[in-house]
>>> print(open('run38.csv').read())   # CSV, C-alpha atoms and all ligand atoms
chain,number,residue,atom,x,y,z
A,150,ARG,CA,-20.0,137.4,-4.7
A,151,ALA,CA,-22.6,135.6,-2.6
A,152,LYS,CA,-25.1,138.2,-4.0
A,153,SER,CA,-24.3,137.6,-7.6
A,154,ASP,CA,-24.4,133.8,-7.0
A,155,GLY,CA,-27.9,134.2,-5.6
A,156,ARG,CA,-28.9,136.2,-8.6
A,157,SER,CA,-27.6,133.7,-11.1
A,158,THR,CA,-29.3,130.9,-9.2
A,159,TYR,CA,-32.5,132.8,-9.3
A,160,ARG,CA,-32.0,133.4,-13.1
A,161,PHE,CA,-31.3,129.7,-13.6
A,162,PHE,CA,-34.6,128.7,-12.0
A,163,GLU,CA,-36.4,131.5,-13.8
A,164,ASN,CA,-35.1,130.3,-17.1
A,165,GLN,CA,-35.9,126.7,-16.1
A,166,MET,CA,-39.5,127.7,-15.3
A,167,ASP,CA,-39.8,129.7,-18.5
A,168,SER,CA,-38.8,126.7,-20.6
A,169,GLU,CA,-41.3,124.4,-18.7
A,170,VAL,CA,-44.1,126.9,-19.3
A,171,ARG,CA,-43.1,127.2,-22.9
A,172,GLU,CA,-43.0,123.4,-23.3
A,173,LYS,CA,-46.4,123.1,-21.7
A,174,ARG,CA,-47.9,125.8,-24.0
A,175,MET,CA,-46.4,124.1,-27.0
A,176,ILE,CA,-47.9,120.7,-26.1
A,177,GLU,CA,-51.2,122.4,-25.5
A,178,ALA,CA,-51.2,124.1,-28.9
A,179,GLU,CA,-50.1,121.0,-30.7
A,180,LEU,CA,-52.7,118.9,-28.8
A,181,ARG,CA,-55.5,121.2,-30.0
A,182,GLY,CA,-55.1,119.9,-33.5
A,183,ALA,CA,-54.1,116.4,-32.7
A,184,ILE,CA,-57.6,114.9,-32.8
A,185,ALA,CA,-58.4,116.5,-36.1
A,186,ARG,CA,-55.1,115.3,-37.5
A,187,GLY,CA,-55.9,111.8,-36.3
A,188,GLU,CA,-52.8,111.6,-34.0
A,189,LEU,CA,-54.6,110.2,-31.0
A,190,VAL,CA,-54.7,106.4,-30.8
A,191,LEU,CA,-56.1,103.9,-28.3
A,192,HIS,CA,-54.2,100.9,-27.1
A,193,TYR,CA,-56.1,98.1,-25.3
A,194,GLN,CA,-54.9,96.2,-22.3
A,195,PRO,CA,-56.5,92.9,-21.5
A,196,LEU,CA,-58.4,92.3,-18.3
A,197,VAL,CA,-58.4,88.6,-17.5
A,198,ASN,CA,-60.6,86.4,-15.4
A,199,ALA,CA,-58.6,85.6,-12.2
A,200,ASP,CA,-59.7,81.9,-12.3
A,201,ASP,CA,-58.4,80.9,-15.7
A,202,GLY,CA,-56.5,83.9,-17.1
A,203,GLN,CA,-58.9,84.3,-20.0
A,204,PRO,CA,-59.6,87.8,-21.3
A,205,THR,CA,-62.9,89.3,-20.3
A,206,GLY,CA,-62.3,92.6,-21.9
A,207,PHE,CA,-59.9,95.4,-22.5
A,208,GLU,CA,-59.1,98.8,-21.0
A,209,ALA,CA,-58.7,101.6,-23.6
A,210,LEU,CA,-55.6,103.7,-22.9
A,211,VAL,CA,-54.9,106.8,-25.0
A,212,ARG,CA,-51.6,107.6,-26.6
A,213,TRP,CA,-50.5,110.5,-28.8
A,214,ASN,CA,-48.8,109.5,-32.0
A,215,HIS,CA,-46.8,112.7,-32.3
A,216,PRO,CA,-45.0,113.3,-35.6
A,217,THR,CA,-41.6,114.1,-34.0
A,218,ARG,CA,-41.9,113.0,-30.3
A,219,GLY,CA,-43.1,109.5,-31.1
A,220,LEU,CA,-45.7,107.7,-29.1
A,221,VAL,CA,-46.4,110.0,-26.2
A,222,PRO,CA,-47.9,108.4,-23.0
A,223,PRO,CA,-51.0,109.8,-21.3
A,224,ALA,CA,-48.9,110.9,-18.3
A,225,ASP,CA,-47.3,113.5,-20.6
A,226,PHE,CA,-50.4,115.2,-21.9
A,227,ILE,CA,-53.6,114.3,-20.0
A,228,ALA,CA,-52.8,116.6,-17.1
A,229,ILE,CA,-52.1,119.4,-19.5
A,230,ALA,CA,-55.4,118.7,-21.4
A,231,GLU,CA,-57.2,118.7,-18.0
A,232,GLN,CA,-56.2,122.4,-17.5
A,233,SER,CA,-58.5,123.4,-20.3
A,234,ASP,CA,-61.6,122.1,-22.1
A,235,LEU,CA,-59.3,120.1,-24.3
A,236,ILE,CA,-59.9,117.2,-22.0
A,237,VAL,CA,-63.6,117.4,-23.1
A,238,ASP,CA,-62.7,116.9,-26.7
A,239,ILE,CA,-60.2,114.1,-25.9
A,240,GLY,CA,-62.7,112.4,-23.7
A,241,ASP,CA,-65.5,112.6,-26.3
A,242,TRP,CA,-63.2,111.2,-28.9
A,243,THR,CA,-61.9,108.4,-26.6
A,244,ILE,CA,-65.3,107.1,-25.6
A,245,ASN,CA,-66.7,107.2,-29.1
A,246,GLN,CA,-63.6,105.5,-30.5
A,247,ALA,CA,-63.5,102.8,-27.8
A,248,CYS,CA,-67.2,101.9,-28.2
A,249,LEU,CA,-66.7,101.7,-32.0
A,250,ALA,CA,-63.7,99.4,-31.7
A,251,ALA,CA,-65.4,97.2,-29.1
A,252,SER,CA,-68.5,96.9,-31.3
A,253,SER,CA,-66.3,94.8,-33.7
A,254,TRP,CA,-65.0,92.5,-31.0
A,255,PRO,CA,-66.5,89.1,-30.0
A,256,ASP,CA,-69.7,89.8,-28.0
A,257,HIS,CA,-68.4,88.6,-24.6
A,258,LEU,CA,-65.6,91.2,-24.4
A,259,THR,CA,-66.1,94.5,-22.6
A,260,VAL,CA,-64.3,97.8,-23.0
A,261,ALA,CA,-63.3,100.1,-20.1
A,262,VAL,CA,-62.8,103.8,-20.7
A,263,ASN,CA,-61.1,106.3,-18.3
A,264,LEU,CA,-63.0,109.5,-17.8
A,265,SER,CA,-61.3,112.5,-16.3
A,266,ALA,CA,-63.0,114.4,-13.5
A,267,ARG,CA,-63.0,117.7,-15.4
A,268,HIS,CA,-64.6,116.1,-18.5
A,269,PHE,CA,-67.2,114.5,-16.2
A,270,ARG,CA,-68.1,117.8,-14.6
A,271,ARG,CA,-67.9,120.0,-17.6
A,272,SER,CA,-70.3,118.1,-19.9
A,273,ASP,CA,-73.6,116.3,-20.0
A,274,ILE,CA,-71.6,113.1,-19.5
A,275,GLY,CA,-74.8,110.9,-19.5
A,276,GLY,CA,-75.6,112.2,-22.9
A,277,VAL,CA,-72.1,111.7,-24.2
A,278,VAL,CA,-72.1,108.0,-23.1
A,279,GLU,CA,-75.6,107.4,-24.5
A,280,THR,CA,-74.6,109.0,-27.9
A,281,ALA,CA,-71.4,106.9,-28.1
A,282,LEU,CA,-73.4,103.7,-27.4
A,283,ARG,CA,-76.0,104.6,-30.0
A,284,ARG,CA,-73.5,105.5,-32.7
A,285,SER,CA,-71.5,102.4,-32.2
A,286,GLY,CA,-74.4,100.0,-31.5
A,287,LEU,CA,-72.4,98.6,-28.5
A,288,ALA,CA,-74.5,96.9,-25.9
A,289,PRO,CA,-74.3,99.1,-22.7
A,290,GLU,CA,-73.5,96.0,-20.6
A,291,ARG,CA,-70.2,95.8,-22.6
A,292,LEU,CA,-69.1,99.3,-21.5
A,293,GLU,CA,-67.3,100.2,-18.3
A,294,ILE,CA,-66.4,103.7,-17.1
A,295,GLU,CA,-63.4,104.2,-14.9
A,296,ILE,CA,-63.2,107.2,-12.7
A,297,THR,CA,-60.9,108.1,-9.8
A,298,GLU,CA,-61.7,109.3,-6.3
A,299,GLY,CA,-60.6,112.8,-7.1
A,300,LEU,CA,-63.9,113.2,-9.0
A,301,LEU,CA,-65.9,112.7,-5.8
A,302,ILE,CA,-64.4,115.6,-3.8
A,303,GLU,CA,-66.3,118.5,-5.3
A,304,ASN,CA,-70.0,118.5,-5.7
A,305,PRO,CA,-70.7,114.9,-4.6
A,306,GLU,CA,-74.4,115.3,-5.2
A,307,GLU,CA,-73.9,116.3,-8.8
A,308,VAL,CA,-71.5,113.4,-9.3
A,309,ILE,CA,-73.9,110.9,-7.8
A,310,GLU,CA,-76.6,112.1,-10.1
A,311,LYS,CA,-74.4,111.9,-13.2
A,312,LEU,CA,-73.1,108.4,-12.2
A,313,GLY,CA,-76.7,107.4,-11.7
A,314,GLU,CA,-77.6,108.4,-15.3
A,315,ILE,CA,-74.7,106.4,-16.7
A,316,ARG,CA,-75.5,103.4,-14.6
A,317,ALA,CA,-79.2,103.6,-15.6
A,318,LEU,CA,-78.1,103.0,-19.2
A,319,GLY,CA,-76.7,99.6,-18.1
A,320,VAL,CA,-73.1,100.7,-18.0
A,321,THR,CA,-70.7,99.5,-15.3
A,322,ILE,CA,-68.9,102.1,-13.1
A,323,ALA,CA,-65.5,101.3,-11.7
A,324,MET,CA,-63.4,103.2,-9.2
A,325,ASP,CA,-59.9,103.3,-10.6
A,326,ASP,CA,-56.6,103.4,-8.6
A,327,PHE,CA,-58.5,102.4,-5.4
A,328,GLY,CA,-56.6,103.2,-2.2
A,329,THR,CA,-54.6,106.1,-3.5
A,330,GLY,CA,-57.2,108.8,-2.8
A,331,TYR,CA,-59.2,110.1,0.2
A,332,SER,CA,-61.9,108.7,2.4
A,333,SER,CA,-62.2,105.6,0.2
A,334,LEU,CA,-64.5,103.8,2.6
A,335,SER,CA,-67.1,106.4,3.1
A,336,TYR,CA,-67.2,107.2,-0.6
A,337,LEU,CA,-67.6,103.6,-1.5
A,338,LEU,CA,-70.7,103.5,0.7
A,339,LYS,CA,-72.1,106.7,-0.8
A,340,PHE,CA,-71.5,106.4,-4.5
A,341,PRO,CA,-73.0,104.0,-7.0
A,342,PHE,CA,-70.0,101.8,-8.0
A,343,ASP,CA,-70.1,98.3,-9.3
A,344,LYS,CA,-66.4,97.6,-9.2
A,345,ILE,CA,-63.1,98.8,-7.7
A,346,LYS,CA,-59.7,98.6,-9.3
A,347,ILE,CA,-57.0,98.1,-6.7
A,348,ASP,CA,-54.1,100.4,-7.4
A,349,ARG,CA,-50.9,98.9,-8.7
A,350,SER,CA,-48.9,100.2,-5.7
A,351,PHE,CA,-50.6,97.7,-3.4
A,352,VAL,CA,-49.9,94.9,-5.9
A,353,VAL,CA,-46.2,95.8,-6.1
A,354,ALA,CA,-46.0,96.0,-2.3
A,355,SER,CA,-47.7,92.7,-1.8
A,356,THR,CA,-44.6,90.9,-3.0
A,357,ASN,CA,-42.4,91.7,0.0
A,358,ASP,CA,-44.7,93.3,2.5
A,359,PRO,CA,-47.0,91.2,4.6
A,360,ILE,CA,-48.9,94.3,5.7
A,361,ALA,CA,-49.7,95.1,2.1
A,362,ARG,CA,-51.1,91.5,1.8
A,363,ASP,CA,-53.2,92.0,4.9
A,364,ILE,CA,-54.5,95.3,3.4
A,365,LEU,CA,-55.4,93.6,0.2
A,366,ARG,CA,-57.2,90.8,2.1
A,367,ALA,CA,-59.2,93.4,4.0
A,368,ILE,CA,-60.1,95.3,0.8
A,369,ALA,CA,-61.2,92.0,-0.8
A,370,THR,CA,-63.4,91.2,2.2
A,371,MET,CA,-64.9,94.6,2.3
A,372,ALA,CA,-65.6,94.6,-1.4
A,373,LYS,CA,-67.4,91.2,-1.0
A,374,THR,CA,-69.6,92.7,1.8
A,375,LEU,CA,-70.5,95.6,-0.4
A,376,LYS,CA,-71.1,93.3,-3.3
A,377,LEU,CA,-68.5,95.0,-5.5
A,378,ARG,CA,-66.4,93.3,-8.1
A,379,ILE,CA,-62.6,93.6,-7.7
A,380,THR,CA,-59.9,94.1,-10.3
A,381,ALA,CA,-56.3,94.3,-9.4
A,382,GLU,CA,-54.1,96.3,-11.7
A,383,GLY,CA,-50.3,96.2,-12.3
A,384,VAL,CA,-49.9,92.4,-11.9
A,385,GLU,CA,-46.4,91.6,-13.0
A,386,THR,CA,-45.6,88.2,-11.6
A,387,ALA,CA,-47.1,84.8,-11.3
A,388,GLU,CA,-46.8,85.0,-7.5
A,389,GLN,CA,-48.8,88.2,-7.4
A,390,ALA,CA,-51.4,86.7,-9.7
A,391,ALA,CA,-51.7,83.6,-7.5
A,392,PHE,CA,-52.1,85.6,-4.3
A,393,LEU,CA,-54.7,88.0,-5.8
A,394,SER,CA,-56.7,85.1,-7.1
A,395,GLU,CA,-56.5,83.3,-3.7
A,396,ILE,CA,-58.0,86.3,-1.9
A,397,ALA,CA,-60.8,86.3,-4.5
A,398,CYS,CA,-60.1,89.2,-6.8
A,399,HIS,CA,-62.3,88.6,-9.8
A,400,GLN,CA,-60.2,90.1,-12.5
A,401,LEU,CA,-56.5,90.8,-13.0
A,402,GLN,CA,-54.7,93.2,-15.3
A,403,GLY,CA,-50.9,93.7,-15.8
A,404,PHE,CA,-47.8,93.1,-17.8
A,405,TYR,CA,-47.7,89.5,-16.5
A,406,PHE,CA,-50.8,88.8,-18.7
A,407,ALA,CA,-50.3,91.4,-21.4
A,408,ARG,CA,-49.2,94.9,-22.2
A,409,PRO,CA,-51.5,97.4,-23.8
A,410,LEU,CA,-51.9,96.3,-27.4
A,411,SER,CA,-52.6,98.2,-30.6
A,412,GLN,CA,-55.9,97.6,-32.3
A,413,ALA,CA,-54.0,95.7,-35.0
A,414,ASP,CA,-52.5,93.3,-32.4
A,415,LEU,CA,-55.9,92.3,-30.9
A,416,PRO,CA,-56.9,89.5,-33.2
A,417,ALA,CA,-53.6,87.6,-32.7
A,418,TYR,CA,-53.8,88.0,-29.0
A,419,LEU,CA,-57.4,86.8,-28.8
A,420,LEU,CA,-56.7,83.8,-31.1
A,421,ALA,CA,-53.6,82.8,-29.0
A,422,SER,CA,-55.7,83.1,-25.7
A,423,ILE,CA,-58.2,80.5,-26.8
A,424,PRO,CA,-57.6,77.3,-25.0
A,425,ALA,CA,-56.7,74.3,-27.2
A,426,GLU,CA,-60.0,72.4,-26.7
A,427,ALA,CA,-62.2,75.4,-27.4
A,428,HIS,CA,-60.1,76.2,-30.4
A,429,GLU,CA,-60.8,72.8,-31.8
A,430,GLU,CA,-64.6,73.4,-31.3
A,431,ARG,CA,-64.6,76.9,-32.7
A,432,PHE,CA,-62.0,76.6,-35.5
A,433,PRO,CA,-62.0,73.0,-36.7
A,434,GLN,CA,-60.9,74.1,-40.2
A,435,ALA,CA,-57.8,75.7,-38.8
A,436,LEU,CA,-56.7,72.4,-37.4
A,437,ALA,CA,-57.5,70.4,-40.5
A,438,SER,CA,-55.2,72.6,-42.6
B,501,LIG,P1,-54.8,103.7,-15.3
B,501,LIG,O1,-56.2,104.0,-15.7
B,501,LIG,O2,-54.7,103.3,-13.9
B,501,LIG,O3,-54.2,102.7,-16.3
B,501,LIG,C1,-53.3,101.7,-16.0
B,501,LIG,C2,-51.9,102.1,-16.3
B,501,LIG,O4,-51.0,101.2,-15.8
B,501,LIG,C3,-51.6,102.2,-17.8
B,501,LIG,O5,-50.6,103.2,-18.1
B,501,LIG,C4,-51.0,100.8,-18.1
B,501,LIG,O6,-50.2,100.7,-19.2
B,501,LIG,C5,-50.2,100.6,-16.8
B,501,LIG,N1,-50.0,99.2,-16.4
B,501,LIG,C6,-50.8,98.2,-16.7
B,501,LIG,N2,-50.3,97.0,-16.2
B,501,LIG,C7,-49.1,97.4,-15.7
B,501,LIG,C8,-48.0,96.6,-15.0
B,501,LIG,O7,-48.1,95.4,-14.9
B,501,LIG,N3,-46.9,97.3,-14.6
B,501,LIG,C9,-46.8,98.6,-14.8
B,501,LIG,N4,-45.7,99.2,-14.4
B,501,LIG,N5,-47.8,99.4,-15.4
B,501,LIG,C10,-48.9,98.8,-15.8
B,501,LIG,P2,-50.8,104.3,-19.2
B,501,LIG,O8,-51.4,103.7,-20.4
B,501,LIG,O9,-49.5,105.0,-19.3
B,501,LIG,O10,-51.9,105.2,-18.5
B,501,LIG,C11,-51.6,105.9,-17.4
B,501,LIG,C12,-52.8,106.7,-16.9
B,501,LIG,O11,-53.3,107.7,-17.8
B,501,LIG,C13,-54.0,105.7,-16.7
B,501,LIG,O12,-53.9,105.0,-15.5
B,501,LIG,C14,-55.2,106.8,-16.7
B,501,LIG,O13,-55.3,107.4,-15.4
B,501,LIG,C15,-54.7,107.8,-17.7
B,501,LIG,N6,-55.3,107.6,-19.0
B,501,LIG,C16,-55.0,106.6,-19.9
B,501,LIG,N7,-55.8,106.7,-21.0
B,501,LIG,C17,-56.7,107.7,-20.7
B,501,LIG,C18,-57.9,108.3,-21.3
B,501,LIG,O14,-58.3,107.9,-22.4
B,501,LIG,N8,-58.5,109.3,-20.7
B,501,LIG,C19,-58.1,109.8,-19.5
B,501,LIG,N9,-58.8,110.8,-18.9
B,501,LIG,N10,-57.1,109.2,-18.8
B,501,LIG,C20,-56.4,108.2,-19.4
B,502,MG,MG,-58.0,103.0,-15.7
B,503,MG,MG,-56.0,102.1,-12.8
B,504,MG,MG,-53.4,103.2,-11.9
>>> encode(input="run38.csv", output="structure tokens", more="lines below")
Ligand code: C2E
Ligand code: MG
Ligand code: MG
Ligand code: MG
Amino acid sequence: RAKSDGRSTYRFFENQMDSEVREKRMIEAELRGAIARGELVLHYQPLVNADDGQPTGFEALVRWNHPTRGLVPPADFIAIAEQSDLIVDIGDWTINQACLAASSWPDHLTVAVNLSARHFRRSDIGGVVETALRRSGLAPERLEIEITEGLLIENPEEVIEKLGEIRALGVTIAMDDFGTGYSSLSYLLKFPFDKIKIDRSFVVASTNDPIARDILRAIATMAKTLKLRITAEGVETAEQAAFLSEIACHQLQGFYFARPLSQADLPAYLLASIPAEAHEERFPQALAS
């Protein structure tokens, strides 16, 4: 009896694994045509100035507008795309699309694009960025590239060289999810970053955990010494925003300020974010009517 139970348990897991593999293959196959069918969309989450809450730019976040599954979040397909060269196609599409969108925004707003490590390694990424800038006409100073520490583990020399190429164009390089990877400090000294984005997990913990607040203070001090800009992500409460601004984070991002917005929702958000006095100066006719 015990034996047959074991066998059925084994079969249960085998079936389970089969269906996971099948699901993954299906997503991969569908994803292959998704770009051509126009199913990928970018949403844009505001990054705000820590001093006054005013938007300084947006982070482009990809979603898959699937005909039956609905709006699929990146967590459900980016890792699958990263297992093949699909991520190169998605990355190329994303950076071109983000630069094009940003070229129609007011000039002071930046756009940040996430690049996956595999895309970075598998392509002439400097050329990809340069082409996206040229095609869109976006000023390089308005583009930021976000990469995670995972990128730095293999072939650091090659990565330094490629980051250098992108930076030479005038583009900003940010280290995303800072604090979640390995050897953060030594990497920070070695690699050409302009900015770190403190991971959401520290921001969440800061609410109840004094040690998390000490760590955040230490990160802020270190970033200042290294002349790096700091963004904190995942800010959900006024209390977190106040603390992060007090320890001199430059920029904040999170649901407390705004969720990722569709391209169509950007104008209304931007209009609403303009302070009353500035609004009067810039749009006197709007007040007259
Ligand atoms: P990320 O780059 O760290 O982006 C921030 C994520 O945190 C976004 O999730 C955003 O919606 C979410 N977030 C922002 N503020 C808050 C908050 O206050 N609370 C909470 N709970 N979450 C918040 P999203 O859009 O699901 O993206 C997840 C990850 O997928 C991104 O993390 C990034 O690593 C990856 N990703 C997104 N778009 C792309 C892309 O175009 N290319 C690549 N390679 N990766 C992407
Ligand atoms: Mg990011
Ligand atoms: Mg992040
Ligand atoms: Mg994150």
>>> residues_around(input="run38.csv", residues="A:Ile274", least_positions_apart="5", cutoff="10 Å", atoms="all atoms listed in the file", output="list of chain:residue names")
A:Val237, A:Gly240, A:Asp241, A:Leu264, A:His268, A:Phe269, A:Glu279, A:Thr280, A:Lys311, A:Leu312, A:Glu314, A:Ile315
>>> residues_around(input="run38.csv", residues="A:Leu301", least_positions_apart="3", cutoff="12 Å", atoms="only C-alpha atoms", output="PDB file with C-alpha atoms, in the coordinates of the input")
ATOM      1  CA  SER A 265     -61.300 112.500 -16.300  1.00  0.00           C
ATOM      2  CA  ALA A 266     -63.000 114.400 -13.500  1.00  0.00           C
ATOM      3  CA  ARG A 267     -63.000 117.700 -15.400  1.00  0.00           C
ATOM      4  CA  PHE A 269     -67.200 114.500 -16.200  1.00  0.00           C
ATOM      5  CA  ARG A 270     -68.100 117.800 -14.600  1.00  0.00           C
ATOM      6  CA  ILE A 296     -63.200 107.200 -12.700  1.00  0.00           C
ATOM      7  CA  THR A 297     -60.900 108.100  -9.800  1.00  0.00           C
ATOM      8  CA  GLU A 298     -61.700 109.300  -6.300  1.00  0.00           C
ATOM      9  CA  ASN A 304     -70.000 118.500  -5.700  1.00  0.00           C
ATOM     10  CA  PRO A 305     -70.700 114.900  -4.600  1.00  0.00           C
ATOM     11  CA  GLU A 306     -74.400 115.300  -5.200  1.00  0.00           C
ATOM     12  CA  GLU A 307     -73.900 116.300  -8.800  1.00  0.00           C
ATOM     13  CA  VAL A 308     -71.500 113.400  -9.300  1.00  0.00           C
ATOM     14  CA  ILE A 309     -73.900 110.900  -7.800  1.00  0.00           C
ATOM     15  CA  GLU A 310     -76.600 112.100 -10.100  1.00  0.00           C
ATOM     16  CA  LYS A 311     -74.400 111.900 -13.200  1.00  0.00           C
ATOM     17  CA  LEU A 312     -73.100 108.400 -12.200  1.00  0.00           C
ATOM     18  CA  MET A 324     -63.400 103.200  -9.200  1.00  0.00           C
ATOM     19  CA  GLY A 330     -57.200 108.800  -2.800  1.00  0.00           C
ATOM     20  CA  TYR A 331     -59.200 110.100   0.200  1.00  0.00           C
ATOM     21  CA  SER A 332     -61.900 108.700   2.400  1.00  0.00           C
ATOM     22  CA  SER A 333     -62.200 105.600   0.200  1.00  0.00           C
ATOM     23  CA  SER A 335     -67.100 106.400   3.100  1.00  0.00           C
ATOM     24  CA  TYR A 336     -67.200 107.200  -0.600  1.00  0.00           C
ATOM     25  CA  LEU A 337     -67.600 103.600  -1.500  1.00  0.00           C
ATOM     26  CA  LYS A 339     -72.100 106.700  -0.800  1.00  0.00           C
ATOM     27  CA  PHE A 340     -71.500 106.400  -4.500  1.00  0.00           C
ATOM     28  CA  PRO A 341     -73.000 104.000  -7.000  1.00  0.00           C
ATOM     29  CA  PHE A 342     -70.000 101.800  -8.000  1.00  0.00           C
TER      30      PHE A 342
END
>>> residues_near_ligand(input="run38.csv", ligand="ligand LIG 501 (chain B)", cutoff="9 Å", atoms="all atoms listed in the file", output="PyMOL selection string")
chain A and resi 191-194+208-212+222-225+227-228+230-231+236+239-240+242-244+262-268+295-297+325-326+346+348-349+353+382-386+402-409
>>> write_last_selection(input="run38.csv", atoms="C-alpha atoms", output="mmCIF file, in the coordinates of the input")
data_model
loop_
_atom_site.group_PDB
_atom_site.id
_atom_site.type_symbol
_atom_site.label_atom_id
_atom_site.label_comp_id
_atom_site.auth_asym_id
_atom_site.auth_seq_id
_atom_site.Cartn_x
_atom_site.Cartn_y
_atom_site.Cartn_z
ATOM 1 C CA LEU A 191 -56.100 103.900 -28.300
ATOM 2 C CA HIS A 192 -54.200 100.900 -27.100
ATOM 3 C CA TYR A 193 -56.100 98.100 -25.300
ATOM 4 C CA GLN A 194 -54.900 96.200 -22.300
ATOM 5 C CA GLU A 208 -59.100 98.800 -21.000
ATOM 6 C CA ALA A 209 -58.700 101.600 -23.600
ATOM 7 C CA LEU A 210 -55.600 103.700 -22.900
ATOM 8 C CA VAL A 211 -54.900 106.800 -25.000
ATOM 9 C CA ARG A 212 -51.600 107.600 -26.600
ATOM 10 C CA PRO A 222 -47.900 108.400 -23.000
ATOM 11 C CA PRO A 223 -51.000 109.800 -21.300
ATOM 12 C CA ALA A 224 -48.900 110.900 -18.300
ATOM 13 C CA ASP A 225 -47.300 113.500 -20.600
ATOM 14 C CA ILE A 227 -53.600 114.300 -20.000
ATOM 15 C CA ALA A 228 -52.800 116.600 -17.100
ATOM 16 C CA ALA A 230 -55.400 118.700 -21.400
ATOM 17 C CA GLU A 231 -57.200 118.700 -18.000
ATOM 18 C CA ILE A 236 -59.900 117.200 -22.000
ATOM 19 C CA ILE A 239 -60.200 114.100 -25.900
ATOM 20 C CA GLY A 240 -62.700 112.400 -23.700
ATOM 21 C CA TRP A 242 -63.200 111.200 -28.900
ATOM 22 C CA THR A 243 -61.900 108.400 -26.600
ATOM 23 C CA ILE A 244 -65.300 107.100 -25.600
ATOM 24 C CA VAL A 262 -62.800 103.800 -20.700
ATOM 25 C CA ASN A 263 -61.100 106.300 -18.300
ATOM 26 C CA LEU A 264 -63.000 109.500 -17.800
ATOM 27 C CA SER A 265 -61.300 112.500 -16.300
ATOM 28 C CA ALA A 266 -63.000 114.400 -13.500
ATOM 29 C CA ARG A 267 -63.000 117.700 -15.400
ATOM 30 C CA HIS A 268 -64.600 116.100 -18.500
ATOM 31 C CA GLU A 295 -63.400 104.200 -14.900
ATOM 32 C CA ILE A 296 -63.200 107.200 -12.700
ATOM 33 C CA THR A 297 -60.900 108.100 -9.800
ATOM 34 C CA ASP A 325 -59.900 103.300 -10.600
ATOM 35 C CA ASP A 326 -56.600 103.400 -8.600
ATOM 36 C CA LYS A 346 -59.700 98.600 -9.300
ATOM 37 C CA ASP A 348 -54.100 100.400 -7.400
ATOM 38 C CA ARG A 349 -50.900 98.900 -8.700
ATOM 39 C CA VAL A 353 -46.200 95.800 -6.100
ATOM 40 C CA GLU A 382 -54.100 96.300 -11.700
ATOM 41 C CA GLY A 383 -50.300 96.200 -12.300
ATOM 42 C CA VAL A 384 -49.900 92.400 -11.900
ATOM 43 C CA GLU A 385 -46.400 91.600 -13.000
ATOM 44 C CA THR A 386 -45.600 88.200 -11.600
ATOM 45 C CA GLN A 402 -54.700 93.200 -15.300
ATOM 46 C CA GLY A 403 -50.900 93.700 -15.800
ATOM 47 C CA PHE A 404 -47.800 93.100 -17.800
ATOM 48 C CA TYR A 405 -47.700 89.500 -16.500
ATOM 49 C CA PHE A 406 -50.800 88.800 -18.700
ATOM 50 C CA ALA A 407 -50.300 91.400 -21.400
ATOM 51 C CA ARG A 408 -49.200 94.900 -22.200
ATOM 52 C CA PRO A 409 -51.500 97.400 -23.800
#
>>> closest_residue(input="run38.csv", among="A:Val352, A:Leu375, A:Ala369, A:Ala391", to="ligand MG 503 (chain B)", atoms="all atoms listed in the file")
A:Val352
>>> atom_distance(input="run38.csv", atom1="atom CA of A:Ala247", atom2="atom CA of A:Ala288")
12.6 Å
>>> atom_distance(input="run38.csv", atom1="atom CA of A:Lys376", atom2="atom CA of A:Cys248")
26.6 Å
>>> closest_residue(input="run38.csv", among="A:Met371, A:Leu180, A:Ala261, A:Asn357", to="A:Glu388", atoms="only C-alpha atoms")
A:Asn357
>>> build_atoms(input="run38.csv", residues="stretch 153-159 of chain A", atoms="N, CA, C and O atoms", output="PDB file, in the coordinates of the input")
ATOM      1  N   SER A 153     -24.165 137.847  -6.180  1.00  0.00           N
ATOM      2  CA  SER A 153     -24.300 137.600  -7.600  1.00  0.00           C
ATOM      3  C   SER A 153     -24.594 136.071  -7.842  1.00  0.00           C
ATOM      4  O   SER A 153     -25.317 135.721  -8.764  1.00  0.00           O
ATOM      5  N   ASP A 154     -24.053 135.226  -6.937  1.00  0.00           N
ATOM      6  CA  ASP A 154     -24.400 133.800  -7.000  1.00  0.00           C
ATOM      7  C   ASP A 154     -25.888 133.585  -6.874  1.00  0.00           C
ATOM      8  O   ASP A 154     -26.507 132.836  -7.630  1.00  0.00           O
ATOM      9  N   GLY A 155     -26.424 134.285  -5.876  1.00  0.00           N
ATOM     10  CA  GLY A 155     -27.900 134.200  -5.600  1.00  0.00           C
ATOM     11  C   GLY A 155     -28.639 134.609  -6.855  1.00  0.00           C
ATOM     12  O   GLY A 155     -29.583 133.934  -7.267  1.00  0.00           O
ATOM     13  N   ARG A 156     -28.156 135.695  -7.441  1.00  0.00           N
ATOM     14  CA  ARG A 156     -28.900 136.200  -8.600  1.00  0.00           C
ATOM     15  C   ARG A 156     -28.827 135.213  -9.768  1.00  0.00           C
ATOM     16  O   ARG A 156     -29.804 135.010 -10.454  1.00  0.00           O
ATOM     17  N   SER A 157     -27.657 134.610  -9.939  1.00  0.00           N
ATOM     18  CA  SER A 157     -27.600 133.700 -11.100  1.00  0.00           C
ATOM     19  C   SER A 157     -28.374 132.419 -10.823  1.00  0.00           C
ATOM     20  O   SER A 157     -28.941 131.827 -11.733  1.00  0.00           O
ATOM     21  N   THR A 158     -28.425 132.023  -9.535  1.00  0.00           N
ATOM     22  CA  THR A 158     -29.300 130.900  -9.200  1.00  0.00           C
ATOM     23  C   THR A 158     -30.720 131.185  -9.514  1.00  0.00           C
ATOM     24  O   THR A 158     -31.440 130.392 -10.116  1.00  0.00           O
ATOM     25  N   TYR A 159     -31.119 132.396  -9.103  1.00  0.00           N
ATOM     26  CA  TYR A 159     -32.500 132.800  -9.300  1.00  0.00           C
ATOM     27  C   TYR A 159     -32.786 132.806 -10.853  1.00  0.00           C
ATOM     28  O   TYR A 159     -33.792 132.280 -11.308  1.00  0.00           O
TER      29      TYR A 159
END
